[in-house]
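Structure first, commentary second.
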Amino acid sequence: MMPSLSLNGVTVNFPFPPYDCQKVYMQRVIECLQKKVNGVLESPTGTGKTLCLLCATLAWREHFKDTISARKIAQRLGGEEMFPDTPLSSWGTTATDGDTPTYYTDVPKIIYASRTHSQLTQVVSELKNTSYRPKTCVLGSREQLCINPDVMRQESNHIKVHMCRGKVSTRSCVYYNNVDEKITDRDLVNSILDVEDLVKFGTKQRVCPYYLSRSLKTQADVVFMPYNYLLDPKSRRAHSIELDGAVVIFDEAHNVEKTCEESTSFDLTPYDVASAISAVDRLLVEQAKEATTRDSVTQDFNVESLNSGLKIEIDTIAKIKQILLDLEAVIDSYEVPSDKGITKPGIFIYELLERAHLTYNSKTAVYEALEQITGHLTGQQGTFLNTSGLQKLSDIIQLVFCGDPSEKDRQQQMQANTAHFKVHIHQDTSYQKKKQNTDVWTSSTSKKQGNILSYWCFSPGFSMQDLVNQGVRCIILTSGTLSPLSSFTSEMRIKFPVCLENSHVIERDQIFVSVVERGPDEVHLSSAFHRRFVPENMSSLGNTVANLSRVVPHGLLVFFPSFTLMEKNLEFWRANGHAGRIENIKPMFVEPKGKGNFAEVIDGYYSKINDPTSKGGSFFAVCRGKASEGLDFANTFGRGVIITGLPFPPKMDPRVILKMQFLDEMNRKKPSGVKYLSGQEWYRQQAFRAVNQAIGRVIRHKDDYGAIFLCDQRFKSQEARANLPSWVRPYVRVYDGFGNIVRDVSQFFRVAQKMRPVVEKKTASERCGTACLPDTQSSSFPSCTSSQSSHSQKAKVLDAHIPSLKRRRLNDHSGAHGMNRIYIEYESEVQESQRRPANLLDALEIGDHHGEEDALVGEEKADRLSTMSLQYDKRADDELRGGKRKIKLVQEQKMSVSEVVPEENKASRAKKFLAEMKKSLSQVNFERIVQALQTYKKTDNLDALLTETVVLTEDTNTHSLLWGFYQFVRPHHKKRFDEKCKELTGQGCGYKPDHSLSKDEKKALMPHSATDGRTSVVLTSPGSSGTSACSQLNTQQLNRGGHHLNHQGLRETHTGSAPKNDVHSAFLADVRKALEGERSAQLFQAIRNYKTTDNYENLMTTVVSLFTEKDEHFSLLARFGMFIRPHHKKQYRQMLDALIGQSADVPAVSEDQQTQASLSPPLKAQSKISSFFSSSQRK
């Protein structure tokens, strides 16, 4: 039994006990319905907005029906009470409209509109979770619902429309003919179906889903549709949508403004007019040929007797052609400057069209003729003819000449129709013309370049007022991001007496919001026009993203203002190493521009987050793009979101300029007391609306948590923060230094993960056959969308369809070929040795391997699931299809592991490697390289080998073969070969200092490093004359090491003693080199204060601020442990763990114990193991 509650006298059944913010939201919905007033309601994503909206609306509708029943019973009883304890007067009349007699037919229909059909599918899914079972219907286009193979085969939507109409009128569509029989089917009438369900039903029953939905609409209580069906008058007429007395709900209404304007605007291009003329020409020639076949030359040209069914005279067709020619001439008669167009008031459209003989008097005849011609041409078999131009003209006539005014009211009607419009004529600059057909009648006219006629609406109020004029009961606009509400409502130009900015269901400890004014290098961050492509700005932003990717767990979303900005920054980051640093921590996935491969990229990202062996992933997208609209990044899929700038509309775009001018003009003319947006206010509103939408991708339900980083200095202004959502504003903090942000967000996630632990990710074998996500939501708050629940299912399908996204277990090599197979075998063979390092050197080797390859272990080691490798593999596939013999490789594979592989396997692997090389190279090149190898074996001459292998550097696809030679190079040449590879290919072979040691040398080192676990490791800084002591590091800790440690060297110490002052002096000397004078003085003062006051918090505020602003300073933070007193060691360890991933870096020992580690000269081999710390990656 679902819990119920009473709100405004209406009993609402809800799937679970609602939160306070949900009660408030439902009360406002019911208030709108009862009082017949419009409402604009903002409720953050994750507050169960859709569920509340459905339950409140349907509860009110049932109450409305119950009240009608009560009145009818009262009339029958003649004033007597049926239930003495419950008088009929207490049943209430708030649902119905006063005391007037009401009938069941008067119960309002609910029109529920959202932006897309996929969002409507989620709404229908939510409805199934409620106790309400209204009669429903989902409207869609033929493109989505038609199952007739002949119609589905057509590319153009308007051709599908006319072909469908033709088949229906002649009853030649078997699916349509079954509609009357199946419309009463119990499974259909009593089920709640979305578009996909409707198509399945139609396919199974061989009945047309499109006409089924239109028939169901008449009896439905709730009609679901995309909101352009409502806002576009043409679509509304086409779907016969009756609005009188209906309740209209716009969900996800943040896009309503744009849809209102676009649905009533058009751009008529030279191509549109030319293709229309071509189509009419074709018809004239066809009719002329028909005429010549007549027995009598004098026979009337009326074509009713023809099989074609065309019922207009050839004279009418000729008149249509003349209208088109005149229209083309009129539009092109204007001399338009190339850089800008000509703008006229909206009413000018009538003057322009009148010159082409299009007026209110002729509109009906011309429209009907165009419809006849289009229907006839699209119904023809054989050669395809483009009729889009004819369809465009039909739509224009319906839009411009709306209404049927009398002669005396015509001028007033024209003024009203065009009050919110501007006519803009500008040159056609699209040099890439649409592909033309090869018909001789179209070849001359379709290539003409001329002017574009644009008729643009600049006020969503035009469409909103039109809805009000249809007699709707009320309009409710709702979304998670409508802020700022005042500017949103003033744009709509209708009254909204009910407004709500709802709070969130989350607590303070679930959200972290910071304005990142400056990057780690102290450069101010800004996406402003004059700053966005400045190298220092792009570098600082790259450093910021790289550093934040270290402290944000799991999924990180990065939003750019535009595709151009994202592409430029990513290009810069790849060239300067920033992308590599991000990729090493969180593999990068980039939103594609087109629709084509978006699904595979987003599924790749989801799979990487789900991979239990990975540290997560990063998804790069744009504001107003596909990822920022409606996609669910709940739980681990979106723990952090970075906004890299303010996405203002392009200021030089003619439509943006005219919109701002229009709003300023309306402001000057407005009546006193009326609030309208100014052009500048609208311009800012657009940017913040897009930002707020992107912010809404994180924190999707009551148990979720995440961080928001606003990386643009302009966010620090009070005005900017006032435009953020009401649930975000209280938590925004502006930080002075980047280090403080890193410190606080690390602490935030540490606390959040303890309070709301993540359900452990399963391995591939454990999650096989399941479709569950790693973070399942509480059953008491079912906000998980249907699309999200299928992500892991989708990911499994990728194996078969997307080569670059294959996920294999380490012991399953059946799908790997060539170099990938060799890499997998190398990695498999060293797995055991990685578990039990024999000595410190082995521990360092393994620790480094783990640190650099965390994203590659487990089931995805052979194929990195990131956009970089995705793009590379696609390129390789394209080359293979082109006939070239190429090999496929996954970038950044490390060959260094071959050094620790057992001897007995080397020969077989070398054999495989040579076989792969033979397949990839020409016979001549292969033989030369094999000869060079044999020569090298005899002469030990590396130069000769490098000379012959240089052929492998000419093609990126053979770089992996060059790296593969690393296994054949002798130890004393490893370093030089690795350096040569870096020079020639940009990537080394994974060289490490111990690779240069011979077997005997390695054995000699074993006694020194394989100690009883008490070995001390001393960290030194290159260039420092002194030495410095640090905490003891064991091999287990080193195995988890990686780029984030960034120390500069390692020394093994022997027992003995060292002066404490020498240790401190060496560290302080390194600090002076790393920090500027003023900042190093700040640190020294903090240390002195700590000694006298023992105030750990004050010390950490300064230390973290100074040592986290640049990547290369993180080593100093780890070494600083020598100054921490024993009773603070535990806190310091926890902080280091959060900041740089170390869990046992600062043992809780006294300072005296700490300084007893002696400082002897380092072992030659160990002093070279600086690659473990990957300091080069942090420059």
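Starting from 1 in every chain, residues are counted up; chains themselves are A, B, ... following the order of the structure tokens, and ligands are numbered from 1 as listed.
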Residues of segment 249-350 of chain A that approach segment 686-700 of chain A to 12 Å or less, counting only C-alpha atoms: could you list each one with the shortest pair of atoms and its distance in Å to one decimal, rows by chain and increasing residue number, as CSV?
residue,atom,partner,partner_atom,distance
A:Glu252,CA,A:Gln693,CA,10.3
A:Ala253,CA,A:Gln693,CA,11.4
A:His254,CA,A:Arg689,CA,7.7
A:Asn255,CA,A:Arg689,CA,9.6
A:Glu257,CA,A:Gln686,CA,10.5
A:Lys258,CA,A:Gln686,CA,10.3
Those same residues - C-alpha atoms - I'd like them written as an mmCIF file, in the first residue's frame.
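again_2.cif was written with the following content:
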data_model
loop_
_atom_site.group_PDB
_atom_site.id
_atom_site.type_symbol
_atom_site.label_atom_id
_atom_site.label_comp_id
_atom_site.auth_asym_id
_atom_site.auth_seq_id
_atom_site.Cartn_x
_atom_site.Cartn_y
_atom_site.Cartn_z
ATOM 1 C CA GLU A 252 12.453 20.219 -18.740
ATOM 2 C CA ALA A 253 11.209 23.703 -19.599
ATOM 3 C CA HIS A 254 14.644 25.353 -19.662
ATOM 4 C CA ASN A 255 14.534 24.901 -23.460
ATOM 5 C CA GLU A 257 12.132 29.723 -24.764
ATOM 6 C CA LYS A 258 14.380 28.560 -27.598
#
* Asked: Excluding same-chain residues fewer than 3 positions from Thr478 of chain A, what lies within 10 Å of it counting only C-alpha atoms, as a count of residues only?
  -> 21
* Pull the alpha helix (DSSP H) assignments for segment 901-979 of chain A out of DSSP run on the backbone, and list those residues as a ChimeraX atom specification. => /A:903-920,923-939,942-949,959-964,971-979
* Who sits within 9 Å of segment 568-579 of chain A, only C-alpha atoms, same chain under 2 positions skipped, as a list in words -> Phe533, Pro535, Met538, Ser539, Leu541, Gly542, Asn543, Val545, Ala546, Phe563, Thr564, Leu565, Met566, Arg581, Ile582, Glu583, Asn584, Met588, Gln1177, Arg1178 and Lys1179 of chain A
* **Between atom CA of Gln1085 of chain A and atom CA of Val516 of chain A, distance in Å (one decimal)** =>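 Straight-line distance from atom CA of Gln1085 of chain A to atom CA of Val516 of chain A works out to 26.6 Å.
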* Pick from A:Ser265, A:Thr359, A:Gln413, A:Asn386 nearest to Ser278 of chain A, counting only C-alpha atoms ->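 So, comparing all the options, the nearest one is A:Asn386.
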* To do: Give the answer as one residue: which of A:Lys626, A:Lys982, A:Lys975, A:Arg750 has the shortest atom-to-atom distance to Met1135 of chain A, using only C-alpha atoms?
  => A:Arg750
* **Residue contacts of segment 21-23 of chain A (7 Å, only C-alpha atoms) excluding same-chain residues fewer than 3 positions away, as an NGL selection string** => :A and (18 or 26-27 or 47 or 52 or 502-503)
* Would you mind writing down, as number ranges by chain, each residue of segment 581-648 of chain A that DSSP on the backbone assigns to strand (DSSP E)? => A: 588-590, 616-622, 640-643
* Asked: Hey, can you check how far atom CA of Gly604 of chain A sits from atom CA of Leu556 of chain A?
  ->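 Between these atoms lies a distance of 14.0 Å.
For the set A:Leu525, A:Ala1074, A:Leu5, A:Leu377, the residue with the smallest atom-to-atom gap to Gly166 of chain A is A:Leu377, counting only C-alpha atoms.
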